[in-house]
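These notes are about the structure you will find just below.
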Amino acid sequence: MARAINDLQGESAAQGNMGLVYRHMDDLVMAREHYTNALSLARKIQDRIGEGSVLNNLGIIALSEGKSEEAQTAFQHRLELAKEVHDHRGESVALLNLGEAYSLQGKLEEAVDYYLQALKMFQERGDQQTLALTYGGLGNAYKDMDNIEQALVYYRLQLQLGIEKDYQQAQGNAFHGLGQIAMLEGDIQKAVSYYAQALEIAQVFQEKEWEATTAWDLGKAYAELGDYQQALPLLQKTIDYDLRRAANDPLVDEHLAYFAAIEKKKISLQE
C-alpha cells in the first residue's frame, strides 16, 4: 500500500513538473492538462500540500488566460488548504495571488487588502523575494486606483529591494510600473528609459508574456514621441505573441488596429 502511494506521489510530481515545462513554453493547454492530472493524483492520495501547490499553478494559468474568477476560486481553495495543514508560506502566497485575481477583476480595494495581508506574512517570515513581488502588486493596485503617490512608494520599495538583493525580476517589474507612472505624468522620455530597462530584464528571463506586454508599452511610448521606426517592431513583437496565444481575444483586434494606425502615420511622414 505504501509503495502504491509513493508511486502515485511520484507520478503526481512528474505531472506537475511537466505542467511547469509546458507553462514556460507558453503552451497553457498542455500545462493545464498536466496540472489537472497532478491535482487528481494528489487528491487520490490525500496529499493536501501537493494539492494546494497544483491549485496555485492552475490559478496562475487562469490568470494568464484572463480567467480571473477561475483563478480566484483556485487561490481561495489553496488558501483554505494551506491554513488546514499550517503551511504558512502557502498561505502567504495564496493571499498574494488572490490580490492578483482581484486586481484583474478591478476589485482594487479587495486586492489591496489581500496584498497587505500577504505583505505582513512575508515580512514576518523574512521572505524578501516574494515581498518584492507584493510591493509590485500594491504599486499596480494603487496606480489603477489613481493613487499615484502610494503607487510610487511601493514601486520604489520594490526597486530598492530588487537592487539590494539582486532580484532582477523585481527590478523589471518595478521599472515597468515606474514607466507607466511616467506616462501618466506625461514624461514620455522617462517612460521610455524605464520600459527599456524592464524589457531588457524580461528578455533575460525569457518570460514571453511579460516581454510582450513591456514591448507594447515601450512601442506606444515611442509612438507618442513620433518615433515610428522604433515603435513598430516593438508593437509587432506583441502582435506576434498575441496571435500565437489568443487569436480570438478582442484585445488582439485592438492591438492590430493601433498598429495599423501607427503604420499609416509612418507612411504619411515618408510621402
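Please note that chains go A, B, ... in the order of the C-alpha cells, that every chain numbers its residues from 1, and that ligands are numbered from 1 in the order shown.
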Could you produce a table of the residues of region 184-265 of chain A lying within 8 Å of region 22-32 of chain A, with the nearest pair of atoms per residue and their separation in Å rounded to one decimal, using only C-alpha atoms, ordered by chain and increasing residue number, as JSON lines?
```
{"residue": "A:Glu207", "atom": "CA", "partner": "A:His24", "partner_atom": "CA", "distance": 7.6}
{"residue": "A:Lys208", "atom": "CA", "partner": "A:Asp26", "partner_atom": "CA", "distance": 7.5}
{"residue": "A:Arg245", "atom": "CA", "partner": "A:Asp26", "partner_atom": "CA", "distance": 7.8}
```
Keeping only N, CA, C and O atoms, write the selected residues as a PDB file, in the first residue's frame.
```pdb
ATOM      1  N   GLU A 207      10.545  35.460 -20.351  1.00  0.00           N
ATOM      2  CA  GLU A 207       9.140  35.408 -19.974  1.00  0.00           C
ATOM      3  C   GLU A 207       8.349  36.093 -21.092  1.00  0.00           C
ATOM      4  O   GLU A 207       8.262  37.323 -21.152  1.00  0.00           O
ATOM      5  N   LYS A 208       7.779  35.278 -21.990  1.00  0.00           N
ATOM      6  CA  LYS A 208       7.210  35.811 -23.226  1.00  0.00           C
ATOM      7  C   LYS A 208       6.037  36.758 -22.985  1.00  0.00           C
ATOM      8  O   LYS A 208       5.913  37.785 -23.660  1.00  0.00           O
ATOM      9  N   ARG A 245      -0.908  33.082 -29.103  1.00  0.00           N
ATOM     10  CA  ARG A 245      -1.538  32.685 -27.846  1.00  0.00           C
ATOM     11  C   ARG A 245      -3.057  32.800 -27.827  1.00  0.00           C
ATOM     12  O   ARG A 245      -3.743  31.962 -27.255  1.00  0.00           O
TER      13      ARG A 245
END
```
Exercise for review: List the neighbours of Leu178 (chain A) out to 9 Å using only C-alpha atoms; skip same-chain residues closer than 2 positions along the sequence, and give me the result as a PyMOL selection string.
Suggested key: chain A and resi 151-152+155-156+173-176+180-183+190-191+194-195
Write a file of the just-selected residues containing N, CA, C and O atoms, as a compact mmCIF listing (two decimals), in the first residue's frame.
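Writing done, so here's out-v3.txt:
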```txt
# COMPACT_ATOMS: atom_id res chain seq x y z
N ALA A 151 1.36 54.50 -5.20
CA ALA A 151 1.93 53.59 -6.20
C ALA A 151 3.43 53.77 -6.28
O ALA A 151 4.20 52.79 -6.29
N LEU A 152 3.87 55.03 -6.31
CA LEU A 152 5.31 55.31 -6.39
C LEU A 152 6.05 54.78 -5.16
O LEU A 152 7.16 54.26 -5.27
N TYR A 155 6.40 50.95 -5.77
CA TYR A 155 7.32 50.64 -6.86
C TYR A 155 8.77 50.92 -6.46
O TYR A 155 9.68 50.15 -6.79
N ARG A 156 8.97 52.02 -5.73
CA ARG A 156 10.33 52.36 -5.31
C ARG A 156 10.85 51.38 -4.26
O ARG A 156 12.04 51.03 -4.26
N ASN A 173 9.90 44.40 -12.88
CA ASN A 173 8.51 44.77 -12.57
C ASN A 173 8.42 46.22 -12.12
O ASN A 173 7.49 46.95 -12.49
N ALA A 174 9.38 46.62 -11.29
CA ALA A 174 9.37 48.00 -10.78
C ALA A 174 9.60 49.00 -11.91
O ALA A 174 8.92 50.03 -11.99
N PHE A 175 10.57 48.71 -12.79
CA PHE A 175 10.83 49.62 -13.92
C PHE A 175 9.58 49.76 -14.79
O PHE A 175 9.25 50.86 -15.25
N HIS A 176 8.88 48.64 -15.00
CA HIS A 176 7.66 48.70 -15.82
C HIS A 176 6.61 49.58 -15.15
O HIS A 176 6.00 50.44 -15.79
N GLN A 180 4.95 53.20 -16.38
CA GLN A 180 3.53 53.51 -16.50
C GLN A 180 3.18 54.81 -15.77
O GLN A 180 2.38 55.61 -16.27
N ILE A 181 3.79 55.00 -14.61
CA ILE A 181 3.56 56.25 -13.87
C ILE A 181 4.09 57.44 -14.66
O ILE A 181 3.44 58.49 -14.77
N ALA A 182 5.28 57.28 -15.24
CA ALA A 182 5.86 58.37 -16.03
C ALA A 182 4.96 58.72 -17.21
O ALA A 182 4.80 59.91 -17.54
N MET A 183 4.35 57.72 -17.84
CA MET A 183 3.42 58.00 -18.94
C MET A 183 2.22 58.78 -18.44
O MET A 183 1.77 59.74 -19.08
N LYS A 190 11.19 59.69 -19.90
CA LYS A 190 11.49 58.90 -18.71
C LYS A 190 10.82 57.53 -18.81
O LYS A 190 11.41 56.51 -18.44
N ALA A 191 9.59 57.51 -19.33
CA ALA A 191 8.88 56.25 -19.50
C ALA A 191 9.65 55.32 -20.43
O ALA A 191 9.79 54.12 -20.15
N TYR A 194 12.54 53.75 -18.52
CA TYR A 194 12.10 52.70 -17.60
C TYR A 194 11.65 51.44 -18.35
O TYR A 194 12.02 50.33 -18.00
N TYR A 195 10.85 51.64 -19.40
CA TYR A 195 10.35 50.49 -20.15
C TYR A 195 11.50 49.71 -20.80
O TYR A 195 11.46 48.48 -20.86
```
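Proximity to Gln169 (chain A) was assessed for A:Leu184, A:Leu133, A:Met145, A:Leu58 counting only C-alpha atoms; the smallest distance is recorded for A:Leu133.
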Point to revise | Exercise: Gly99 (chain A) partners within 6 Å, only C-alpha atoms, chain neighbours under 2 positions left out, as a ChimeraX atom specification | key: /A:96-97,101-102,111,114-115
Same residues, all heavy atoms, saved as a PDB file, in the first residue's frame:
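Writing done, so here's result-v9.pdb:
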```
ATOM      1  N   LEU A  96      -1.225  36.577  -1.719  1.00  0.00           N
ATOM      2  CA  LEU A  96      -0.640  37.402  -2.778  1.00  0.00           C
ATOM      3  C   LEU A  96      -1.373  37.176  -4.099  1.00  0.00           C
ATOM      4  O   LEU A  96      -1.749  38.130  -4.794  1.00  0.00           O
ATOM      5  CB  LEU A  96       0.843  37.064  -2.933  1.00  0.00           C
ATOM      6  CG  LEU A  96       1.563  37.615  -4.168  1.00  0.00           C
ATOM      7  CD1 LEU A  96       1.524  39.124  -4.206  1.00  0.00           C
ATOM      8  CD2 LEU A  96       3.017  37.113  -4.197  1.00  0.00           C
ATOM      9  N   ASN A  97      -1.591  35.907  -4.434  1.00  0.00           N
ATOM     10  CA  ASN A  97      -2.231  35.600  -5.710  1.00  0.00           C
ATOM     11  C   ASN A  97      -3.708  35.981  -5.732  1.00  0.00           C
ATOM     12  O   ASN A  97      -4.253  36.326  -6.788  1.00  0.00           O
ATOM     13  CB  ASN A  97      -2.042  34.118  -6.042  1.00  0.00           C
ATOM     14  CG  ASN A  97      -0.610  33.828  -6.470  1.00  0.00           C
ATOM     15  OD1 ASN A  97       0.076  34.693  -6.984  1.00  0.00           O
ATOM     16  ND2 ASN A  97      -0.157  32.609  -6.253  1.00  0.00           N
ATOM     17  N   ALA A 101      -5.711  38.190  -8.508  1.00  0.00           N
ATOM     18  CA  ALA A 101      -7.006  37.851  -9.111  1.00  0.00           C
ATOM     19  C   ALA A 101      -8.001  38.991  -8.950  1.00  0.00           C
ATOM     20  O   ALA A 101      -8.713  39.362  -9.901  1.00  0.00           O
ATOM     21  CB  ALA A 101      -7.551  36.567  -8.487  1.00  0.00           C
ATOM     22  N   TYR A 102      -8.057  39.566  -7.754  1.00  0.00           N
ATOM     23  CA  TYR A 102      -8.990  40.673  -7.531  1.00  0.00           C
ATOM     24  C   TYR A 102      -8.572  41.911  -8.318  1.00  0.00           C
ATOM     25  O   TYR A 102      -9.425  42.669  -8.795  1.00  0.00           O
ATOM     26  CB  TYR A 102      -9.095  40.984  -6.037  1.00  0.00           C
ATOM     27  CG  TYR A 102     -10.070  40.093  -5.309  1.00  0.00           C
ATOM     28  CD1 TYR A 102      -9.630  39.075  -4.457  1.00  0.00           C
ATOM     29  CD2 TYR A 102     -11.442  40.245  -5.464  1.00  0.00           C
ATOM     30  CE1 TYR A 102     -10.523  38.240  -3.795  1.00  0.00           C
ATOM     31  CE2 TYR A 102     -12.353  39.422  -4.804  1.00  0.00           C
ATOM     32  CZ  TYR A 102     -11.886  38.424  -3.976  1.00  0.00           C
ATOM     33  OH  TYR A 102     -12.786  37.605  -3.338  1.00  0.00           O
ATOM     34  N   ALA A 111      -8.238  43.769  -3.505  1.00  0.00           N
ATOM     35  CA  ALA A 111      -6.874  43.375  -3.884  1.00  0.00           C
ATOM     36  C   ALA A 111      -5.853  43.917  -2.891  1.00  0.00           C
ATOM     37  O   ALA A 111      -4.972  43.191  -2.427  1.00  0.00           O
ATOM     38  CB  ALA A 111      -6.560  43.871  -5.291  1.00  0.00           C
ATOM     39  N   TYR A 114      -5.817  41.956   0.382  1.00  0.00           N
ATOM     40  CA  TYR A 114      -5.088  40.679   0.299  1.00  0.00           C
ATOM     41  C   TYR A 114      -3.583  40.908   0.197  1.00  0.00           C
ATOM     42  O   TYR A 114      -2.789  40.194   0.821  1.00  0.00           O
ATOM     43  CB  TYR A 114      -5.585  39.860  -0.890  1.00  0.00           C
ATOM     44  CG  TYR A 114      -6.860  39.106  -0.590  1.00  0.00           C
ATOM     45  CD1 TYR A 114      -8.063  39.460  -1.192  1.00  0.00           C
ATOM     46  CD2 TYR A 114      -6.868  38.035   0.298  1.00  0.00           C
ATOM     47  CE1 TYR A 114      -9.234  38.773  -0.919  1.00  0.00           C
ATOM     48  CE2 TYR A 114      -8.039  37.344   0.583  1.00  0.00           C
ATOM     49  CZ  TYR A 114      -9.220  37.712  -0.027  1.00  0.00           C
ATOM     50  OH  TYR A 114     -10.374  37.027   0.258  1.00  0.00           O
ATOM     51  N   TYR A 115      -3.183  41.899  -0.596  1.00  0.00           N
ATOM     52  CA  TYR A 115      -1.751  42.204  -0.711  1.00  0.00           C
ATOM     53  C   TYR A 115      -1.158  42.570   0.648  1.00  0.00           C
ATOM     54  O   TYR A 115      -0.052  42.131   0.992  1.00  0.00           O
ATOM     55  CB  TYR A 115      -1.528  43.363  -1.678  1.00  0.00           C
ATOM     56  CG  TYR A 115      -1.633  43.026  -3.147  1.00  0.00           C
ATOM     57  CD1 TYR A 115      -2.323  43.874  -4.018  1.00  0.00           C
ATOM     58  CD2 TYR A 115      -1.038  41.890  -3.680  1.00  0.00           C
ATOM     59  CE1 TYR A 115      -2.417  43.589  -5.375  1.00  0.00           C
ATOM     60  CE2 TYR A 115      -1.128  41.599  -5.036  1.00  0.00           C
ATOM     61  CZ  TYR A 115      -1.820  42.456  -5.872  1.00  0.00           C
ATOM     62  OH  TYR A 115      -1.912  42.177  -7.205  1.00  0.00           O
TER      63      TYR A 115
END
```
Review point. Can you list, as a PyMOL selection string, every protein, DNA or RNA residue that comes within 10 Å of Ala38 (chain A) when you count only C-alpha atoms, leaving out same-chain residues fewer than 6 positions away?
Key: chain A and resi 8-19+32+44+50-51+53-55
Deliver the residues from the most recent selection as a file, using C-alpha atoms, as a PDB file, in the first residue's frame.
```pdb
ATOM      1  CA  LEU A   8       1.265   7.972  -7.090  1.00  0.00           C
ATOM      2  CA  GLN A   9       3.182  10.739  -5.327  1.00  0.00           C
ATOM      3  CA  GLY A  10       5.976  10.375  -7.859  1.00  0.00           C
ATOM      4  CA  GLU A  11       3.521  10.387 -10.742  1.00  0.00           C
ATOM      5  CA  SER A  12       1.780  13.457  -9.343  1.00  0.00           C
ATOM      6  CA  ALA A  13       5.119  15.248  -9.009  1.00  0.00           C
ATOM      7  CA  ALA A  14       6.080  14.245 -12.567  1.00  0.00           C
ATOM      8  CA  GLN A  15       2.781  15.556 -13.928  1.00  0.00           C
ATOM      9  CA  GLY A  16       3.328  18.811 -12.052  1.00  0.00           C
ATOM     10  CA  ASN A  17       6.851  19.134 -13.461  1.00  0.00           C
ATOM     11  CA  MET A  18       5.538  18.589 -16.990  1.00  0.00           C
ATOM     12  CA  GLY A  19       2.937  21.280 -16.343  1.00  0.00           C
ATOM     13  CA  ARG A  32      -3.348  22.792 -17.710  1.00  0.00           C
ATOM     14  CA  LYS A  44      -6.427  10.499  -4.620  1.00  0.00           C
ATOM     15  CA  GLY A  50       0.648  18.832  -3.109  1.00  0.00           C
ATOM     16  CA  GLU A  51      -2.970  19.622  -3.904  1.00  0.00           C
ATOM     17  CA  SER A  53       0.629  23.632  -4.854  1.00  0.00           C
ATOM     18  CA  VAL A  54      -1.100  22.380  -8.006  1.00  0.00           C
ATOM     19  CA  LEU A  55      -4.133  24.589  -7.366  1.00  0.00           C
TER      20      LEU A  55
END
```
Would you pick out the contacts of Ala118 (chain A) at 8 Å or less, using only C-alpha atoms, so that residues sharing its chain but fewer than 6 positions from it are not included, and give the list as a compact mmCIF listing (two decimals) with N, CA and C atoms, in the first residue's frame?
```txt
# COMPACT_ATOMS: atom_id res chain seq x y z
N SER A 92 0.62 32.55 2.61
CA SER A 92 1.01 33.90 2.20
C SER A 92 1.02 34.04 0.67
N VAL A 93 1.47 32.99 -0.03
CA VAL A 93 1.47 33.04 -1.49
C VAL A 93 0.04 33.07 -2.03
N LEU A 95 -2.53 34.40 -0.53
CA LEU A 95 -3.01 35.76 -0.31
C LEU A 95 -2.51 36.71 -1.39
N LEU A 96 -1.22 36.58 -1.72
CA LEU A 96 -0.64 37.40 -2.78
C LEU A 96 -1.37 37.18 -4.10
N THR A 134 5.18 41.45 -3.86
CA THR A 134 4.00 42.03 -3.22
C THR A 134 4.03 43.55 -3.30
```
**Study point:** Selection: 12 Å around Ala223 (chain A), only C-alpha atoms, excl. self and same-chain fewer than 5 positions, as a VMD selection string
**Key:** chain A and resid 188 to 189 192 216 to 218 228 to 235 258 to 259 261 to 266
Point to revise | Polymer residues at most 12 Å from Asp87 (chain A), only C-alpha atoms, same-chain spacing of 5 or more positions, as a list in words | key: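 The residues that qualify are Arg48, Ile49, Gly50, Gly52, Ser53, Arg78, Leu79, Glu80, Leu81, Ala82, Ser92, Val93, Ala94 and Met121 of chain A.
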Point to revise | Nearest-residue call for Asp127 (chain A), choices A:Leu161, A:Ile267, A:His86, A:Leu251, using only C-alpha atoms | key: A:Leu161
Practice item. Take CA of Gln203 (chain A) and CA of Ser68 (chain A) and report the distance between them in Å, one decimal. Key: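 Straight-line distance from CA of Gln203 (chain A) to CA of Ser68 (chain A) works out to 26.0 Å.
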Review point. Could you state the separation of CA of Thr213 (chain A) and CA of Glu69 (chain A) in Å, given to one decimal place?
Key: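 Between these atoms lies a distance of 21.7 Å.
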Exercise for review: Going by DSSP on the backbone, which bits of region 227-259 of chain A are alpha helix (DSSP H)? Write them as an MDAnalysis selection string, please.
Suggested key: chainID A and resid 228:245 250:259
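Compared by their closest atoms to Tyr135 (chain A), and using only C-alpha atoms, the residues A:Ala215, A:Leu199, A:Ala62, A:Leu116 rank with A:Leu116 nearest.
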